[in-house]
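Undergrad: I'd like to ask you about the structure that follows.
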Amino acid sequence: MTGVVNFDSAFAVLTGNAPFPWQRALFDRFVAGEFPKACDLPTGLGKTSVIALWLLALAENPALPRRLVYVVNRRTVVDQSTTEAENLRKALEKPEAAALKEALLDLAGVPGQAPIAISTLRGEFADNAEWRRDPARPAIIVGTVDMIGSRLLFNGYGCGFKTKPLHAGLLGQDSLLMHDEAHLEPAFQELLESLRAGQFKDLRAFHVMALSATGRVVPDFTMASSDEAHPVVRARITAKKGLSLHDVADKKELAGRAAELALQHSGAVLVFLSTVENVERCAAALRKEAGKDHVQVLTGTMRGDERDALARTDPVFARFQPEKSRKVSPREGTVFLVCTSAGEVGIDLSADHLVMDLPAFDALAQRLGRVNRYGAGDARVDVIAEPLEARPTQKANDEGHDEDGADDDKPAKRKDELDWARHATRELLAALPARADELRDASPAALRSLPSDARLAASTPLPDIPAVDELLFDRWSYTSIRGKLPGRPPVDDWLHGVAEWEPPRTTIAWRTEVAWLDDEHLGAESLDDFLADYPLRARERLSDRTDRVLEQLEKIIARDEHRELRAWLLRDGEIVRHENRSWWRLADLVDAYDSKRNPLLDEVTVILPPEAGGLNGGLLDGDAVFEPGQHGTYDRGPREGERLVHELAGEVNPPEGMRLARAIRRQTEEGEDVWWQLYTLSLAADDDGSRTSRFRQTLDFHLRRAEHWAEAITSGLEITGLERSAIVRAARWHDLGKRRRVWQRSIKNFDYPTSVFAKGKMQPSELGHYRHELGSLHDALNEPGFADLAEDERELALHLIAAHHGRARPHFPPEEAIDPEVKDAEVAAIAREVPLRFERLQRKYGRWGLAWLESLVRAADYLASDDEEVES
């Protein structure tokens with residue numbers, strides 16, 4: 001233990017608040033290396049402070065996991081965890097945090113950085129890669145179940161095959177994964193528990209902690225009596241929330257009745273409705289009475305960029321935010337925020353009053369947590385119920401029932417289960433304590449007093465959750481086998497389960513390059529490679545039900561008289577080709593869709609050119625027409641300070657701090673030859689750094705610097721023995737294969753062999769299928785000192801060399817098993833050994849352990865690529 005953390009004062013410095021008793025208790029457990037399986041904490045008690053607790057515990061005990069992975073529900077649109085992470089990084093710059101900052105800086109392998117790396121859903125640190133550059137550095141990674149779960153299973157959505165094992169290794173080793181609102185994603189939680197229960201072999205610890213106020217698992221950490229006696233806690237868990245139930249004769253009346261009830265309240269009024277259609281109708285009615293400047297809508301169908309702006313710039317939204325989180329002055333008077341379930345999770349909102357339709361109990365508890373959150377007033381809660389069918393039951397059958405045929409009170413069909421839960425929720429509302437004013441007490445304390453089995457029975461039904469086994473994990477880890485592989489299904493069903501009542505969804509984005517980029521521009525590479533270098537960000541995407549998306553796309557193609565509009569189609573993170581090309585005609589894609597026989601648009605991403613139009617205020621609107629000069633409005637791929645796209649007649653020098661990630665020469669419609677060039681922030685780039693560098697480096701300099709950084713990283717992580725030696729040796733030898741003439745020609749080194757370079761502006765078309773990693777294996781075998789290594793050390797070093805750009809998992813494909821300067825038989829023998837070595841090492845270190853070791857060499861390579869060689 002370092003003894004540098006005085007908990008009460010350090011917590012106050014980081015968060016601006018004095019700690020609650022539960023926060024101190026959880027900190028003590030963290031410091032001891034004990035991570036609860038499940039934490040049950042009521043809404044409004046600072047749950048996201050667990051991030052600060054981990055950071056303080058790490059400063060006190062450096063043996064704890066270096067990375068905190070905070071997983072939020074995919075419906076989250078404005079997540080408090082991102083705000084928490086950003087505020088922590090700022091707080092570490094306070095003078096009174098100097099000792100804490102120094103303790104965290106001491107953990108890093110690379111000096112001169114901020115004390116923690118951050119990658120968040122949105123904001124300044126959105127989707128960046130700085131957390132991968134130094135695996136010894138403390139890091140906070142915030143992502144959705146899709147983002148984190150797919151990467152953990154070697155299937156990173158939006159990642160190329162080269163970076164999939166990198167993400168898996170760093171997320172699955174030396175990390176603490178906190179699953180927020182775990183009850184909303186039971187399939188993912190079960191997967192995580194399977195990993196921890198025995199499917200996972202640790203080289204470095206992987207811990208999982210579920211966070212939920214309405215969890216499905218029995219918690220092993222919750223509030224103590226000292227918390228309940230705390231005046232602030234007491235005020236929040238007994239906050240006044242008077243609930244009344246209203247019936248409507250027809251579900252078509254829901255939106256109008258919600259607007260009517262909302263208008264009876266004053267102050268900040270929050271409305272929750274379960275469908276986008278009802279949200280739109282209710283908001284329209286409210287705008288008619290209250291004025292459009294006093295009504296805002298929040299749905300999961302809004303594009304990320306506009307959602308981000310909503311939290312930063314909208315005065316109505318600001319009215320519901322805590323004062324310290326506001327970026328703009330709030331609107332005065334009575335205001336209305338109308339939400340779908342997107343407002344239920346991961347967001348710090350507090351309304352004066354609440355109106356909602358009747359959901360399942362877990363959703364109802366989430367919604368109630370967004371009204372009178374801090375116990376300062378007396379909120380009115382109106383719950384509207386449309387007519388429900390008679391409570392459905394399932395008659396006895398041969399499975400799971402008593403032999404006497406007794407009714408077990410379960411739904412007869414899966415589609416009935418959600419209605420069954422809503423019936424049960426209505427009964428629970430009637431069981432809440434009555435107040436003196438005849439309203440029901442809906443405070444957190446009252447909800448928690450309800451029987452836990454009844455709360456669980458009234459919650460959203462579980463989806464079908466498929467079993468997972470060792471064979472699936474093996475197949476998913478074979479990341480260098482691209483395309484379909486028998487026995488390797490997409491991972492989505494293991495992340496979310498299969499819920500029959502959930503309609504399919506489609507994601508939409510816009511990119512300028514869709515209009516012109518052809519396979520010929522990419523040479524031997526593919527559009528998947530292009531998108532790996534230039535991936536879609538959260539700010540670029542919007543998502544909606546497939547039937548609603550189809551309706552808007554049909555409006556767009558109605559304007560496309562000559563059927564010229566193109567589209568890219570992504571399924572499970574990979575391009576779906578059509579007619580032997582990487583793009584579709586949008587009209588063909590829409591025409592081919594059939595929800596039963598050919599569901600092409602279900603659970604996919606469609607990328608449109610800006611010229612297609614269809615964007616209105618961040619929402620998909622087929623009537624919205626593209627206007628000249630709107631490319632930047634539609635295409636949010638480039639971002640100032642992070643990614644830049646230039647299209648000029650000549651090449652340009654990289655902006656300061658950035659490097660060229662990809663260059664494509666093309667001809668414009670006017671017949672002009674131009675270079676399309678993508679520049680990325682050097683230390684937050686997604687490309688693997690093999691193609692370019694900010695500086696031209698000699699091979700010897702690059703290898704020496706990679707060796708230096710490997711030593712620094714392994715020291716920071718306290719790695720010893722053969723693993724340390726193998727990592728350092730692999731870094732020293734990883735690029736020896738670049739000495740080949742063909743490789744030097746590909747970077748336009750006309751001084752070869754007088755000068756041999758490791759980095760330059762590569763032209764892949766000049767390289768053919770030669771892979772320098774395979775050449776490096778051959779050369780490493782003949783390096784002085786290699787024969788002196790122990791057998792286990794040689795094995796690991798050779799694999800790390802072979803896999804340092806994501807190949808050799810498990811093999812090099814036949815077309816890449818070539819070396820123009822080595823005999824074919826010798827190359828074949830080296831290539832044959834690669835998959836055998838991979839399997840041996842994966843059994844020894846585990847799937848995630850081996851990927852983590854690979855990540856350390858890759859980090860050393862990245863860092864060396866950014867070192868400037870100074871001529872002596």
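Here, A, B, ... name the chains of the structure tokens in the order displayed, residue numbers run from 1 inside each chain, and ligands are numbered from 1 in the same displayed order.
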Do you know which residues are at most 7 Å from Ala262 (chain A) counting only C-alpha atoms, after dropping those on the same chain fewer than 4 positions away, and could you put them as a PyMOL selection string?

TA: chain A and resi 258+269+355

Undergrad: Kindly export the residues of the current selection with N, CA and C atoms, as a tab-separated table (two decimals), in the first residue's frame.

TA:
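After the write, part-v9.tsv holds the following:
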chain	number	residue	atom	x	y	z
A	258	ALA	N	-51.39	12.02	-21.86
A	258	ALA	CA	-50.12	12.40	-21.25
A	258	ALA	C	-49.90	13.90	-21.34
A	269	VAL	N	-41.24	19.42	-16.07
A	269	VAL	CA	-42.14	18.27	-16.17
A	269	VAL	C	-41.54	17.26	-17.16
A	355	VAL	N	-44.88	12.31	-15.75
A	355	VAL	CA	-46.03	11.66	-16.38
A	355	VAL	C	-45.48	10.52	-17.23

Undergrad: So which residues of region 527-577 of chain A fall under strand (DSSP E) by DSSP, listed as a PyMOL selection string?

TA: chain A and resi 542-545+566-571+574-575

Undergrad: Nearest residue to Ser226 (chain A) out of A:His804, A:Arg571, A:Gln23, A:Ala790, using only C-alpha atoms?

TA: A:Gln23

Undergrad: Counting only C-alpha atoms, what is within 12 Å of region 742-753 of chain A, bar same-chain residues fewer than 3 positions away, as a VMD selection string?

TA: chain A and resid 690 to 693 696 to 699 735 to 739 756 to 773 775 818 to 821

Undergrad: Just want the 8 Å neighbourhood of region 100-112 of chain A, counted on only C-alpha atoms, with same-chain residues fewer than 2 positions away dropped. Output as a short mmCIF file (atom, residue, chain, number, x, y, z; two decimals) with N, CA, C and O atoms, in the first residue's frame.

TA:
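part31.cif, written as the output of this step:
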data_model
loop_
_atom_site.label_atom_id
_atom_site.label_comp_id
_atom_site.auth_asym_id
_atom_site.auth_seq_id
_atom_site.Cartn_x
_atom_site.Cartn_y
_atom_site.Cartn_z
N VAL A 4 -0.75 7.04 0.23
CA VAL A 4 -0.86 8.42 -0.27
C VAL A 4 -2.30 8.94 -0.24
O VAL A 4 -2.53 10.13 -0.45
N VAL A 5 -3.28 8.05 0.02
CA VAL A 5 -4.67 8.45 -0.11
C VAL A 5 -5.30 8.64 1.27
O VAL A 5 -5.44 7.69 2.05
N ALA A 10 -9.40 13.17 -0.31
CA ALA A 10 -9.14 12.88 -1.72
C ALA A 10 -10.45 12.73 -2.49
O ALA A 10 -10.59 13.19 -3.63
N LEU A 56 -9.02 6.04 -6.77
CA LEU A 56 -8.37 6.25 -5.47
C LEU A 56 -7.77 4.95 -4.94
O LEU A 56 -6.66 4.95 -4.39
N LEU A 58 -6.69 2.44 -6.71
CA LEU A 58 -5.52 2.10 -7.53
C LEU A 58 -4.30 2.89 -7.07
O LEU A 58 -3.18 2.36 -7.01
N ALA A 59 -4.51 4.18 -6.74
CA ALA A 59 -3.39 4.98 -6.25
C ALA A 59 -2.86 4.42 -4.93
O ALA A 59 -1.66 4.49 -4.65
N PRO A 62 -1.30 -0.30 -6.13
CA PRO A 62 -0.98 -0.40 -7.57
C PRO A 62 -1.17 -1.79 -8.15
O PRO A 62 -1.09 -1.95 -9.37
N LEU A 92 -7.78 16.06 -11.22
CA LEU A 92 -6.41 15.66 -10.92
C LEU A 92 -5.40 16.77 -11.18
O LEU A 92 -4.24 16.67 -10.76
N GLU A 93 -5.83 17.83 -11.85
CA GLU A 93 -4.95 18.97 -12.10
C GLU A 93 -5.01 20.00 -10.97
O GLU A 93 -4.26 20.97 -10.99
N ALA A 97 -4.58 17.91 -5.44
CA ALA A 97 -4.54 16.53 -5.92
C ALA A 97 -3.14 16.12 -6.36
O ALA A 97 -2.97 15.06 -6.98
N ALA A 98 -2.14 16.92 -6.05
CA ALA A 98 -0.78 16.70 -6.57
C ALA A 98 -0.23 15.32 -6.19
O ALA A 98 0.35 14.61 -7.02
N ALA A 114 -0.97 12.60 -19.39
CA ALA A 114 -1.95 12.84 -18.34
C ALA A 114 -2.00 11.60 -17.45
O ALA A 114 -1.71 10.49 -17.91
N PRO A 115 -2.37 11.76 -16.18
CA PRO A 115 -2.31 10.62 -15.26
C PRO A 115 -3.26 9.49 -15.61
O PRO A 115 -3.01 8.34 -15.25
N ILE A 116 -4.36 9.77 -16.29
CA ILE A 116 -5.26 8.71 -16.73
C ILE A 116 -5.63 8.92 -18.19
O ILE A 116 -5.77 10.04 -18.66
N ASP A 134 -0.43 2.95 -23.98
CA ASP A 134 0.43 2.58 -22.86
C ASP A 134 -0.38 1.68 -21.93
O ASP A 134 -1.12 2.17 -21.08
N PRO A 135 -0.26 0.35 -22.05
CA PRO A 135 -1.07 -0.55 -21.22
C PRO A 135 -0.77 -0.46 -19.73
O PRO A 135 -1.55 -0.98 -18.92
N ALA A 136 0.32 0.19 -19.34
CA ALA A 136 0.62 0.35 -17.92
C ALA A 136 -0.10 1.56 -17.33
O ALA A 136 -0.19 1.68 -16.11
N ARG A 137 -0.57 2.44 -18.16
CA ARG A 137 -1.18 3.68 -17.69
C ARG A 137 -2.63 3.45 -17.24
O ARG A 137 -3.39 2.76 -17.93
N PRO A 138 -3.03 3.97 -16.10
CA PRO A 138 -4.44 3.85 -15.70
C PRO A 138 -5.36 4.42 -16.77
O PRO A 138 -5.05 5.46 -17.37
N TRP A 709 10.76 1.11 -25.39
CA TRP A 709 9.39 1.24 -24.88
C TRP A 709 8.88 -0.08 -24.32
O TRP A 709 8.10 -0.09 -23.35
N ALA A 712 10.13 -0.19 -20.88
CA ALA A 712 9.42 0.74 -20.02
C ALA A 712 8.03 0.20 -19.65
O ALA A 712 7.60 0.30 -18.49
N ILE A 713 7.33 -0.36 -20.62
CA ILE A 713 5.98 -0.87 -20.36
C ILE A 713 6.02 -2.07 -19.43
O ILE A 713 5.24 -2.17 -18.48
N THR A 714 6.93 -3.01 -19.67
CA THR A 714 7.01 -4.19 -18.81
C THR A 714 7.45 -3.81 -17.40
O THR A 714 7.01 -4.42 -16.42
N SER A 715 8.28 -2.78 -17.28
CA SER A 715 8.66 -2.30 -15.94
C SER A 715 7.46 -1.70 -15.24
O SER A 715 7.22 -1.96 -14.05
N GLY A 716 6.68 -0.89 -15.97
CA GLY A 716 5.50 -0.28 -15.38
C GLY A 716 4.49 -1.30 -14.92
O GLY A 716 3.76 -1.08 -13.94
N LEU A 717 4.42 -2.42 -15.62
CA LEU A 717 3.47 -3.48 -15.27
C LEU A 717 4.10 -4.54 -14.38
O LEU A 717 3.43 -5.52 -14.03
#

Undergrad: Just the alpha helix (DSSP H) stuff from region 520-702 of chain A, please, per backbone DSSP, written as a count of residues only.

TA: 38

Undergrad: Just the residues within 12 Å of Leu570 (chain A), please, counting only C-alpha atoms, with nothing from its chain fewer than 3 positions along; format it as a ChimeraX atom specification.

TA: /A:157-159,506-509,527-528,531,535-536,567,573-578,582-584,600-608

Undergrad: I'd like to know which of A:Phe221, A:Gly622, A:Leu354, A:Ala446 is closest to Leu26 (chain A), using only C-alpha atoms.

TA: A:Phe221

Undergrad: When you draw a straight line from CA of Thr546 (chain A) to CA of Leu586 (chain A), how long is it in Å?

TA: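 Computing it gives 15.1 Å between the two atoms.
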